[in-house]
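*Asks:* Quick one: this structure, given as structure tokens, is what I'll be asking you about.
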Amino acid sequence: MQQLVKRTPADYRWVRPPEWCPGCGHFGVLQSLYNAFAELNLDPSKIVLVSGIGCSSRLPHFVRTTSVHAIHGRAIPYALGIKLANPSLEVVVVGGDGDLMAIGGNHLLHLGRRNVDMTVILMDNSVYGLTRGQAGPTLPPGLKVKAIPKANPQGEINPLLLALTAGFTFIARGYSYDIKYTTKLIVEAIRHKGSAFVQVYSPCVTYNNIMTREWYEKRIYKLEEADPSWDPVVHDEKEVDTKIRKALDKIVERDRLPLGIFYKNELVPTFEERYESIYDPNYRALPPALQPIEVDGKPVVDFEKLIADKIL
Amino acid sequence: MQQLVKRTPADYRWVRPPEWCPGCGHFGVLQSLYNAFAELNLDPSKIVLVSGIGCSSRLPHFVRTTSVHAIHGRAIPYALGIKLANPSLEVVVVGGDGDLMAIGGNHLLHLGRRNVDMTVILMDNSVYGLTRGQAGPTLPPGLKVKAIPKANPQGEINPLLLALTAGFTFIARGYSYDIKYTTKLIVEAIRHKGSAFVQVYSPCVTYNNIMTREWYEKRIYKLEEADPSWDPVVHDEKEVDTKIRKALDKIVERDRLPLGIFYKNELVPTFEERYESIYDPNYRALPPALQPIEVDGKPVVDFEKLIADKIL
Amino acid sequence: MKINFLIGGPQGRGVETASFMFIYGVGSAGYYVFARREFWSNIAGGRHSYVVGSISESWPAPAPGNSVDLALTFDGHAVLEHVFHLRRGSYLVYNTEEDSKTPDSYTMMSKALAERLKNFAKEHGFEPTVKGYVEYLRQNGVEIIGLPYNKHITEIGRKIGVTSPVMLARFVNTFVVALGAALLGLSEEHVASGVGFALGKKAEVIEQNKKVASEAMKLVEKRVATLQQRNPQTKRVFWNGNEASAYGKIVGGVRFVTYYPITPATDDAMTFERLMPYPVSKNAGELSKFEKIGSVAFQAEDELAAIAIAMGGAIAGARSATATSGPGFSLMAEALSLAGMMEVGVVVTLWMRSGPSTGQATRQAQQDLLFSLFIGHGEYPKIVYASGDLEEVFFDNIKVANWAERYRVPVIHLVDKNLSNTFAVMPLPDISKVKITTVRPVVYPQTQEAEAYPLDEIVAPKLLPGISNAIFHLNSLEHDPEGDPEEDPVVVTKMFEKRMAKIRLIEGEIPPEEKVLYFGPKDAEKVIVGWGSTKPAILTALDELKDVGFLYVKMLYPFPSNIVREYLKGRKTLFIENNYMGQLALITRMFAGVEPTAVAIKFNGRPITTDDVVAAYRRFETGENVIKIESDL
Amino acid sequence: MKINFLIGGPQGRGVETASFMFIYGVGSAGYYVFARREFWSNIAGGRHSYVVGSISESWPAPAPGNSVDLALTFDGHAVLEHVFHLRRGSYLVYNTEEDSKTPDSYTMMSKALAERLKNFAKEHGFEPTVKGYVEYLRQNGVEIIGLPYNKHITEIGRKIGVTSPVMLARFVNTFVVALGAALLGLSEEHVASGVGFALGKKAEVIEQNKKVASEAMKLVEKRVATLQQRNPQTKRVFWNGNEASAYGKIVGGVRFVTYYPITPATDDAMTFERLMPYPVSKNAGELSKFEKIGSVAFQAEDELAAIAIAMGGAIAGARSATATSGPGFSLMAEALSLAGMMEVGVVVTLWMRSGPSTGQATRQAQQDLLFSLFIGHGEYPKIVYASGDLEEVFFDNIKVANWAERYRVPVIHLVDKNLSNTFAVMPLPDISKVKITTVRPVVYPQTQEAEAYPLDEIVAPKLLPGISNAIFHLNSLEHDPEGDPEEDPVVVTKMFEKRMAKIRLIEGEIPPEEKVLYFGPKDAEKVIVGWGSTKPAILTALDELKDVGFLYVKMLYPFPSNIVREYLKGRKTLFIENNYMGQLALITRMFAGVEPTAVAIKFNGRPITTDDVVAAYRRFETGENVIKIESDL
Ligand SMILES: Cc1ncc(C[n+]2csc(CCOP(=O)(O)OP(=O)(O)O)c2C)c(N)n1
Ligand SMILES: Cc1ncc(C[n+]2csc(CCOP(=O)(O)OP(=O)(O)O)c2C)c(N)n1
Ligand code: SF4
Ligand code: SF4
Ligand SMILES: [Mg+2]
Ligand SMILES: [Mg+2]
């Protein structure tokens, strides 16, 4: 039995300090995560933070929760496996634009359509920090950031549009230097029932000399401040199409960059719910990770019954 | 020197017959392709058809053009390499929903943002034909097609929404039993300057017993027939946002399924154009595949000049 | 008694159903059957496919050779495909309505085969028609049962009130099977069992087909044999290799299987999926209160995800596996290296097929041994283990799941297309032999930090998220005991050695009899060495080849060098493999330092048969040392 | 004359710039420099990084050992990291302002190292402070140059009119380098060259730093050596291994390079990209009308795409390559198998690093040899070739590009982190030796069908889309000569053998001297065997180890079994490798059947040094046969 404790952000701080460049946007995401975990008072042994490879993907090492620092681009499937085997865990993926959208783009796409109840946080700096500054998939075409030999000849992908295409049922955008706001979005994302996606603009101070703090602060605004009637939540099946269209309208904005929650729909059944109804009514009560599989070395499944229709 | 000939669809027919199940939707795509090549009177030795693996991906073997039948999910990068090395080739990718959107989803996503001048034709039957009928990524949730043991627990992805997210500058949808219409779309796609995407509903008569000819014919309609004023073309930079929003509006329709051209924008520079302006002004005149690299075994590049700034 | 049979016809038009009907019918009479399916890598289109097998009163049934006693053909194309698989005394059942057809008229026949057939006819001076080839066979002592199929079926249809051509066409399966059954002296009742089994649930269809069978059986009077009802005195199962694998997983406690569809692996995972939820045994302790339990069977977006999701399942605490074939396995290289580094126990059931690349996707090969041994960048411990028959496939699935959990390393379980498409009526495995060895997780009384990689234990105590109350870090980067990134040369050396020490641990703990088996005379001067699904053919051949031993290697990595060296010391060796390079021979030299005497290789996509083994051995005795096998049944 | 030096400090704070300044400065005085960089796998955060190298009057400069003559440190942390890399007679330059700091106060120091240092201090009875360790060193004969850096820099700043702390902090590089230069008796003018080279374009900055250097040089009077201006009589280049590779590609006609960023491979591709467009030589035939030509350098979305795009480039007719490291290489397995099957010549430049998995991403290893040999499912021909120094890296890039085109197989070019981060001032390679062997494509007068896989030629005539006027099908499935899917057993056997025949072709055509090199006395009883970047250290050690031979293997696959067997016959062998398994030793046994006598292995992420080779050899002489090397410079 765990004691009932009220945890503080500091309770989620790991003993070793972050190894990021001073001023890196990722610090803000880290702090927001500490705050969000504290606000939700989550048991750190029941959270699994999963990441790939990148400066951003080092984040789990600075957090006092269970974590899996996996390989480049595959954080989502690792997280998915953990969640499906034990749906009672709180699973959160963090990663960079390179990790989650270049090499890992396909998994992001296919997570959304499953609507597994977990959260993905994109720490977007439009460059590959850890490999020294190459163009990330969110870098607009024609920009020549510091370390690349020529201007970027490739176009950019809008992460929120991708999330919507994928089928994420919670879609939000934050800004790493606005820790309070980002905390709030992460709290909502974790609370959301279904696959949640949060893009956080998280500038790389070492390699992205164009999309800097100043650059962002000239462009960002908050959805609910610009339009106090903004309500991204689908309250009724019938609203789905309108809310999607409204979200799209904001998502494709390019000159100014809205922050906030763009879309939220808890009426879509989660994968876990669908799995329970289609495959196994006891799925959530007795998921794979919680099943005993033997008694004194003997299988718990009745083999002869299982194979009855194959016996001559 | 090639003779100037007017080719007929039959000129693109390979000696060996297709090995698909009788009635398979893929026959319609094949015929449309023959027709389109003939209409454009393309030299079959200058077309490169590229595919991955699947029933659909066998298509190149039934066509009298140069072709590359590659591996599952990677048709796009193979095609991309061919096109970038020799931009004068007409490169067309064909593949199934499994090939281009499940295992190959990431390459589709990243092709669009480059806007390389080539065409991708998705032969969509919402199942994996060649591996005997598993759910494809366009199969709606909850459907139990013939060969899968349980209803589909995963959601679906809308290929056109994905194409728009990716940045394709030509987006269309056809229906394989309407060969005339599909021919037209393919002709337009090949003519388009930039990355073109054509989804063709192409029923699998053996494994998809739900999304059948009847099923589609109850739902499809043509954009320009429903709305004679429909104009998907971006004629001016300023129109981009409106046209994207209009396309989105149609793309997200779910109860009825519009066919036609959803979006077309030739104002976005192609990758080849950008590459030429950023990297190498002679790129299209003298692309990698056309460059001599030696004279009598000696390099054509002046090494000492090339390395001058490194010499002490 | 031993009868080899073959059922062949155009792919996708009922050959498979006919085979099931036939095998089940024979099985229901109390016999054992060992059969295998050959088919083209496309869904339909009329390519030729067939099932070849043997019927026996005892188990193991002998593995087939390069010719059959009885060939049941659907069409003239099938006759032509098997002209060289018949011999004096064989029986051929065929449709005389195709007599006038030529190789060229079968557009789905390989041009190369059509050429060979035509040349053959020319050389032997007969007409290149079905009839010509049949006559040739008859002259060479093959017993021919030629019947006008459609004429008979139409007549039978009339009798039972069916006239629609579509429906009549569907009777061909039953018609052909019934002819075969009659030739084997099988009773109508057993054919009826086969019909019932193969045609599923529709009562009317079954009744009609039973009548078709009954009428068809009257058409032949000859007898190849007389299979009388017998009592095998043991429970028997009719299944294939993919299924045996899935049942093994379920019994072995695997509760998490991921897959991306690929031939010939998919049916392993899909059987695991189809059987869900699973009935709970009475002696299941706390679980007994549930009537059924479930698992996770998950179709991933690709194999990169399939292996990662499976590893995620293992990290969370489920026994996890993924089933794939070569192309998918290639995509798992990076994750397997991670499994070694992060210390995650996961099973990859690798259904090998003929490569390289897409190759012959539905054909047999053992080409992925070396790749399995060294897959993934960097050095890390793993287990590579191969099964050779369906019983092994079943039991080995349990073993490898135990090992993955015990050693927390990736385990590559090598099986192949040949096993996947082996259909057998065989004794039900005795699961009283099964032992599932789980490792209990640590559970702390209160949430606390824990070391995922303590340096003082080769395999760390098991920490599970959410279950252990432990806060711990798993890491793909080289790390310290707490799992944090570390590049200190002393720590990284220890960590590397700790991981690699698992190899010795595995070598020490797994008993020799699970690594290699030796058959034949103890002191044989000559030894055949093999692995995987060549086992039944080699064992069957041993009956004929006296004085030869058979060293059968199951554990490929860590390679049991000492044991193998001991067995092979001072003997002449013939390695027999379904590949080009002689891969087992290579690793035997690499690890055990033993110089192979000769290698027999077959790489045309077809399995090695009993006749192949015998012929290869004869050539070996004459001093050949690279023996290429080219038979094609 | 030979001087080993080291420059160390917190990562991301100018150590690299200082090293360039120093190396260029020394180089500008006419010397050769051979240096390598060690750094942590994160961008900043203050981990310790350093450059270690040697200065010489001739080339090749000797490879460094496990200690240095001169250590230039930025901070106390750096001193502590190198306590054991100094020996009697070494010089240490350090900042006395850090005297009072302890290992624990350097939070970015590995805990394990801090522990070891503290224990050491305790054992030797001194205070665990920077001062304590420095005193210990002094007592052990190390010459100490301790200065209060900031105090001096502030003073110098005042003199030259700079007071801002941020700007003063930037002078540390130059300050430290100047102290070192003074100790080496280098003239101010050469230091100024280094400053100019390292600090780029801003004239003001350069001027200030020159002044800083000039002032700093006055602070030391001691001399380690006196490097007088000399004339090396040859053109020299200052580059690193990644750059040498990129120049090799460009010269070798590679015009299509794809990459997905990964350490330590990216700079190969990015140099190729940065240098574009390339100047055209005067003797370039029809090309001479262009002043510059371009290529395609393409950043892909992942390595699956990178290799596929490169192969696409090759199919279209460009010489194509992709550069990667272990994790990316793992992702290329499936495509490499396809390259074998479809017969596409593509080069993978594999910059190995320490694994498994992400491992130590910026550290050295030779762990991917076996994986390279057997990567990808199925059996197919390939070439695996390794380079051992920068000159080889340059020339081998040309060779492998030739071979990929000639044999139309995938070529894996093995290089490693050690080579990538070797910085050398060395003779400019003599490109008069270069021979580029292109294959002209078929060009039909009119569009026609053509066989992509004719059975009568091992390597088919070259067909290029759009260029050959040919209609042809390339295929991942087993195919007939026209490239259409085929499963006929006879055709597939021929096709398989035709592909594998390339192995013999390659073996026969490539001359022995490009496969292995032998150094040392012809009749040495004992032979060191090695491959790749251990070459300079082994060669340097040979100077000390008399009577020992060195067999250096460059061609790893097809393995030159006969040649290796010939060289090793009857001799005792010591294999020296930067891995755990002794992979070259394993493949030598597998392919050549030669039993290695002993293996020396180092797997802590650090390269094998000259001292390591000497020590390993001594232990080998005493009969050890598994020699673990643990040194850490
Ligand atoms: C398969 C593979 N390819 C490449 C790499 C090298 N790599 C490490 S981090 C990284 C990109 C990091 O960029 P991003 O995810 O945006 O994170 P950031 O550093 O910007 O926070 C790459 C390409 C790798 N580790 N594995
Ligand atoms: C890496 C890899 N994984 C799996 C497969 C097996 N496979 C062959 S085709 C196919 C799916 C085909 O579906 P789709 O692309 O939709 O084509 P369709 O057959 O439906 O036209 C799969 C999974 C493969 N060839 N390679
Ligand atoms: S390189 Fe960029 S992303 Fe990485 S730590 Fe530094 S500032 Fe942050
Ligand atoms: S299985 Fe489906 S997709 Fe494949 S050929 Fe048959 S009908 Fe077409
Ligand atoms: Mg980034
Ligand atoms: Mg499909």
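Here, A, B, ... name the chains of the structure tokens in the order displayed, residue numbers run from 1 inside each chain, and ligands are numbered from 1 in the same displayed order.
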Find the residues near B:Ser88: any atom within 10 Å, counting only C-alpha atoms, skip ones fewer than 4 places away on the same chain, and give them as a list of chain:residue names.

*Replies:*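 In the requested format, the answer is B:Lys46, B:Ile47, B:Ile82, B:Lys83, B:Leu84, B:Asp117, B:Arg284, B:Ala285, B:Pro287, D:Gly466.
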
*Asks:* With 6 Å as the limit and counting only C-alpha atoms, what residues in chain C lie close to chain B? Please list them as a PyMOL selection string.

*Replies:* chain C and resi 44-45+274+301-302

*Asks:* Write out, as a compact mmCIF listing (two decimals), in the first residue's frame, the residues just selected, with all heavy atoms.

*Replies:*
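Full text of part_2.txt as output:
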```txt
# COMPACT_ATOMS: atom_id res chain seq x y z
N ALA C 44 -3.87 -15.47 -56.22
CA ALA C 44 -4.62 -16.32 -57.14
C ALA C 44 -3.94 -16.28 -58.49
O ALA C 44 -2.72 -16.15 -58.58
CB ALA C 44 -6.05 -15.82 -57.24
N GLY C 45 -4.68 -16.42 -59.54
CA GLY C 45 -4.08 -16.30 -60.85
C GLY C 45 -3.74 -17.65 -61.46
O GLY C 45 -3.25 -17.73 -62.57
N ARG C 274 -6.68 -15.58 -32.71
CA ARG C 274 -7.96 -16.23 -32.96
C ARG C 274 -8.42 -17.05 -31.75
O ARG C 274 -9.61 -17.12 -31.46
CB ARG C 274 -7.82 -17.13 -34.19
CG ARG C 274 -9.10 -17.78 -34.65
CD ARG C 274 -8.91 -18.53 -35.97
NE ARG C 274 -8.72 -17.62 -37.08
CZ ARG C 274 -7.64 -17.56 -37.85
NH1 ARG C 274 -6.62 -18.38 -37.62
NH2 ARG C 274 -7.55 -16.70 -38.84
N GLU C 301 2.20 -1.31 -37.16
CA GLU C 301 2.28 -0.62 -38.45
C GLU C 301 3.45 -1.11 -39.30
O GLU C 301 3.48 -0.89 -40.50
CB GLU C 301 2.35 0.90 -38.25
CG GLU C 301 3.50 1.41 -37.40
CD GLU C 301 3.15 1.46 -35.92
OE1 GLU C 301 2.37 0.60 -35.45
OE2 GLU C 301 3.67 2.37 -35.22
N ASP C 302 4.43 -1.74 -38.68
CA ASP C 302 5.57 -2.31 -39.39
C ASP C 302 6.36 -3.14 -38.37
O ASP C 302 5.98 -3.21 -37.20
CB ASP C 302 6.45 -1.22 -40.03
CG ASP C 302 7.00 -0.20 -39.03
OD1 ASP C 302 7.10 -0.52 -37.83
OD2 ASP C 302 7.31 0.93 -39.44
```

*Asks:* Identify every residue of chain C that has at least one atom within 6 Å of any atom of chain D, counting only C-alpha atoms, and report the result as a compact mmCIF listing (two decimals) with N, CA, C and O atoms, in the first residue's frame.

*Replies:*
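Result file follows (selection39.txt):
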```txt
# COMPACT_ATOMS: atom_id res chain seq x y z
N GLY C 326 12.17 -13.14 -42.83
CA GLY C 326 13.38 -12.40 -43.18
C GLY C 326 13.26 -10.89 -43.31
O GLY C 326 13.94 -10.15 -42.60
N PRO C 327 12.41 -10.39 -44.22
CA PRO C 327 12.36 -8.94 -44.41
C PRO C 327 11.99 -8.20 -43.13
O PRO C 327 12.56 -7.15 -42.81
N SER C 330 14.95 -8.32 -40.67
CA SER C 330 15.96 -7.30 -40.98
C SER C 330 15.61 -5.98 -40.32
O SER C 330 16.50 -5.25 -39.86
N ALA C 333 16.72 -5.33 -36.49
CA ALA C 333 18.12 -5.37 -36.07
C ALA C 333 18.42 -4.36 -34.97
O ALA C 333 19.03 -4.67 -33.95
N GLU C 334 17.96 -3.13 -35.18
CA GLU C 334 18.31 -2.09 -34.21
C GLU C 334 17.70 -2.38 -32.84
O GLU C 334 18.35 -2.21 -31.81
N SER C 337 19.53 -5.14 -30.87
CA SER C 337 20.72 -4.61 -30.21
C SER C 337 20.32 -3.89 -28.92
O SER C 337 20.97 -4.03 -27.88
N LEU C 338 19.22 -3.17 -28.98
CA LEU C 338 18.71 -2.51 -27.78
C LEU C 338 18.30 -3.53 -26.72
O LEU C 338 18.57 -3.34 -25.53
N MET C 341 21.28 -4.49 -24.93
CA MET C 341 21.81 -3.42 -24.10
C MET C 341 20.91 -3.12 -22.91
O MET C 341 21.38 -3.01 -21.78
N GLY C 355 15.41 -16.30 -49.51
CA GLY C 355 15.83 -14.95 -49.83
C GLY C 355 16.83 -14.98 -50.96
O GLY C 355 16.89 -15.97 -51.68
N PRO C 356 17.64 -13.94 -51.12
CA PRO C 356 17.62 -12.70 -50.34
C PRO C 356 16.41 -11.85 -50.73
O PRO C 356 15.68 -12.19 -51.66
N SER C 357 16.25 -10.75 -50.00
CA SER C 357 15.16 -9.81 -50.21
C SER C 357 13.83 -10.54 -50.26
O SER C 357 13.63 -11.54 -49.58
N THR C 358 12.90 -10.06 -51.07
CA THR C 358 11.59 -10.70 -51.08
C THR C 358 11.71 -12.14 -51.58
O THR C 358 10.95 -13.02 -51.16
N GLY C 359 12.68 -12.37 -52.43
CA GLY C 359 13.02 -13.74 -52.84
C GLY C 359 11.84 -14.56 -53.28
O GLY C 359 11.02 -14.11 -54.08
N GLN C 360 11.78 -15.77 -52.78
CA GLN C 360 10.62 -16.60 -53.02
C GLN C 360 9.87 -16.67 -51.69
O GLN C 360 10.19 -17.49 -50.82
N GLN C 367 18.44 -19.78 -44.69
CA GLN C 367 19.51 -18.84 -45.05
C GLN C 367 19.82 -17.81 -43.96
O GLN C 367 20.75 -17.03 -44.11
N ASP C 368 19.02 -17.78 -42.91
CA ASP C 368 19.16 -16.67 -41.96
C ASP C 368 19.89 -17.01 -40.68
O ASP C 368 19.77 -16.30 -39.68
N PHE C 371 22.94 -14.51 -40.12
CA PHE C 371 22.35 -13.20 -39.83
C PHE C 371 21.76 -13.18 -38.41
O PHE C 371 21.96 -12.22 -37.66
N PHE C 374 24.43 -12.72 -35.72
CA PHE C 374 25.17 -11.47 -35.61
C PHE C 374 24.33 -10.24 -35.91
O PHE C 374 24.86 -9.16 -36.16
N ILE C 375 23.05 -10.38 -35.86
CA ILE C 375 22.17 -9.27 -36.18
C ILE C 375 22.32 -8.14 -35.16
O ILE C 375 22.45 -8.37 -33.96
N GLY C 376 22.30 -6.92 -35.66
CA GLY C 376 22.35 -5.75 -34.78
C GLY C 376 23.77 -5.28 -34.56
O GLY C 376 24.70 -6.08 -34.47
N HIS C 377 23.93 -3.96 -34.49
CA HIS C 377 25.25 -3.40 -34.29
C HIS C 377 25.70 -3.59 -32.86
O HIS C 377 24.88 -3.70 -31.94
N GLY C 378 27.01 -3.61 -32.69
CA GLY C 378 27.56 -3.79 -31.35
C GLY C 378 27.49 -5.24 -30.91
O GLY C 378 26.96 -6.10 -31.61
N GLU C 379 28.08 -5.50 -29.74
CA GLU C 379 28.15 -6.87 -29.24
C GLU C 379 27.23 -7.02 -28.04
O GLU C 379 27.26 -6.20 -27.13
N SER C 476 19.31 2.83 -23.38
CA SER C 476 20.01 2.32 -24.56
C SER C 476 21.44 2.81 -24.63
O SER C 476 22.26 2.27 -25.37
N LEU C 477 21.73 3.86 -23.89
CA LEU C 477 23.10 4.35 -23.81
C LEU C 477 23.86 3.50 -22.79
O LEU C 477 23.27 2.94 -21.86
N GLU C 478 25.15 3.42 -22.94
CA GLU C 478 25.93 2.74 -21.91
C GLU C 478 25.66 3.47 -20.61
O GLU C 478 25.50 4.70 -20.58
N PRO C 489 35.46 4.85 -18.24
CA PRO C 489 35.99 3.61 -18.82
C PRO C 489 35.91 2.40 -17.88
O PRO C 489 35.75 1.28 -18.35
N THR C 493 33.38 -0.79 -18.77
CA THR C 493 33.99 -2.11 -18.94
C THR C 493 33.23 -3.15 -18.11
O THR C 493 32.89 -4.23 -18.59
N LEU C 586 29.96 -23.38 -41.46
CA LEU C 586 30.81 -22.21 -41.19
C LEU C 586 30.89 -21.91 -39.70
O LEU C 586 31.97 -21.66 -39.17
N ARG C 589 32.99 -24.35 -37.78
CA ARG C 589 34.42 -24.06 -37.89
C ARG C 589 34.78 -22.84 -37.05
O ARG C 589 35.78 -22.83 -36.34
N MET C 590 33.94 -21.83 -37.10
CA MET C 590 34.25 -20.60 -36.37
C MET C 590 34.30 -20.82 -34.87
O MET C 590 35.21 -20.37 -34.19
N ASN C 604 17.13 -24.04 -53.80
CA ASN C 604 16.16 -23.72 -54.85
C ASN C 604 14.77 -23.42 -54.30
O ASN C 604 13.80 -23.38 -55.04
```

*Asks:* Up to 6 Å from chain A, what residues of chain B turn up? Count only C-alpha atoms and give them as a list in words.

*Replies:*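 Therefore, the residues near the partner are Gly105, Asn106, Arg113, Arg114, Pro153, Gln154, Gly155, Glu156, Leu161, Leu162, Thr165 and Arg274 of chain B.
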
*Asks:* Please return, as a ChimeraX atom specification, all residues of stretch 214-419 of chain C that DSSP assigns to alpha helix (DSSP H) on the basis of the backbone.

*Replies:* /C:214-217,241-251,266-274,303-316,326-330,333-342,369-374,390-407,417-419

*Asks:* Quick one: everything within 10 Å of D:Glu391, counting only C-alpha atoms, minus sequence neighbours fewer than 2 positions away in the same chain. Send it as a list in words.

*Replies:*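 Contacts, in chain order: Gly241, Ala244, Ser245, Gly248, Ser387, Gly388, Asp389, Val393, Phe394, Phe395, Asp396, Met426, Pro427, Leu428, Pro429 and Asp430 of chain D.
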
*Asks:* Residues as selected, N, CA and C atoms, written as an mmCIF file, in the first residue's frame, can you do that?

*Replies:*
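Written output follows (selection_7.cif):
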```
data_model
loop_
_atom_site.group_PDB
_atom_site.id
_atom_site.type_symbol
_atom_site.label_atom_id
_atom_site.label_comp_id
_atom_site.auth_asym_id
_atom_site.auth_seq_id
_atom_site.Cartn_x
_atom_site.Cartn_y
_atom_site.Cartn_z
ATOM 1 N N GLY D 241 39.197 12.681 -40.415
ATOM 2 C CA GLY D 241 38.809 11.483 -41.155
ATOM 3 C C GLY D 241 37.504 11.641 -41.917
ATOM 4 N N ALA D 244 38.421 13.568 -44.980
ATOM 5 C CA ALA D 244 39.177 12.763 -45.938
ATOM 6 C C ALA D 244 38.221 11.872 -46.723
ATOM 7 N N SER D 245 37.222 11.356 -46.036
ATOM 8 C CA SER D 245 36.240 10.474 -46.663
ATOM 9 C C SER D 245 35.427 11.233 -47.712
ATOM 10 N N GLY D 248 37.458 11.989 -50.714
ATOM 11 C CA GLY D 248 37.622 10.757 -51.485
ATOM 12 C C GLY D 248 36.390 10.495 -52.343
ATOM 13 N N SER D 387 39.307 0.643 -43.722
ATOM 14 C CA SER D 387 40.445 1.567 -43.805
ATOM 15 C C SER D 387 41.078 1.742 -42.435
ATOM 16 N N GLY D 388 42.365 2.043 -42.444
ATOM 17 C CA GLY D 388 43.087 2.123 -41.188
ATOM 18 C C GLY D 388 43.710 3.465 -40.862
ATOM 19 N N ASP D 389 43.791 4.355 -41.843
ATOM 20 C CA ASP D 389 44.316 5.683 -41.532
ATOM 21 C C ASP D 389 43.723 6.676 -42.537
ATOM 22 N N VAL D 393 41.539 6.160 -45.893
ATOM 23 C CA VAL D 393 40.140 6.588 -45.935
ATOM 24 C C VAL D 393 39.880 7.318 -47.245
ATOM 25 N N PHE D 394 40.795 8.190 -47.590
ATOM 26 C CA PHE D 394 40.654 8.935 -48.834
ATOM 27 C C PHE D 394 40.673 8.005 -50.052
ATOM 28 N N PHE D 395 41.717 7.227 -50.187
ATOM 29 C CA PHE D 395 41.849 6.391 -51.386
ATOM 30 C C PHE D 395 40.823 5.262 -51.431
ATOM 31 N N ASP D 396 40.505 4.714 -50.280
ATOM 32 C CA ASP D 396 39.559 3.597 -50.266
ATOM 33 C C ASP D 396 38.156 4.045 -50.686
ATOM 34 N N MET D 426 49.139 16.334 -42.446
ATOM 35 C CA MET D 426 49.817 15.214 -43.116
ATOM 36 C C MET D 426 50.019 15.538 -44.593
ATOM 37 N N PRO D 427 50.823 14.743 -45.279
ATOM 38 C CA PRO D 427 51.049 15.031 -46.696
ATOM 39 C C PRO D 427 49.738 14.942 -47.481
ATOM 40 N N LEU D 428 49.567 15.829 -48.406
ATOM 41 C CA LEU D 428 48.406 15.780 -49.280
ATOM 42 C C LEU D 428 48.482 14.506 -50.119
ATOM 43 N N PRO D 429 47.416 13.708 -50.134
ATOM 44 C CA PRO D 429 47.477 12.472 -50.930
ATOM 45 C C PRO D 429 47.795 12.778 -52.383
ATOM 46 N N ASP D 430 48.574 11.892 -52.960
ATOM 47 C CA ASP D 430 48.999 12.062 -54.343
ATOM 48 C C ASP D 430 47.954 11.438 -55.263
#
```

*Asks:* For B:Pro232, find every residue with an atom within 12 Å (counting only C-alpha atoms), except residues of its own chain fewer than 3 positions away, and show them as a VMD selection string.

*Replies:* chain B and resid 169 to 172 223 to 224 227 to 229 235 to 236 239 to 251 260 to 266

*Asks:* I need the residue nearest ligand 1 from this list: D:Ala306, D:Ile3, D:Leu184, D:Val415. Use only C-alpha atoms and all ligand atoms for the distance.

*Replies:*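 Distance minimum relative to ligand 1 lands on D:Ala306.
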
*Asks:* DSSP on the backbone, strand (DSSP E or B) only: what residues of stretch 54-175 of chain A does that give? Format it as a list in words.

*Replies:* Val63, Thr66, Ser67, Val68, His69, Glu90, Val91, Val92, Val93, Val94, Gly95, Gly96, Thr119, Val120, Ile121, Leu122, Met123, Asp124, Val127, Tyr128, Gln134, Ala135, Phe170, Ile171, Ala172, Arg173, Gly174 and Tyr175 of chain A
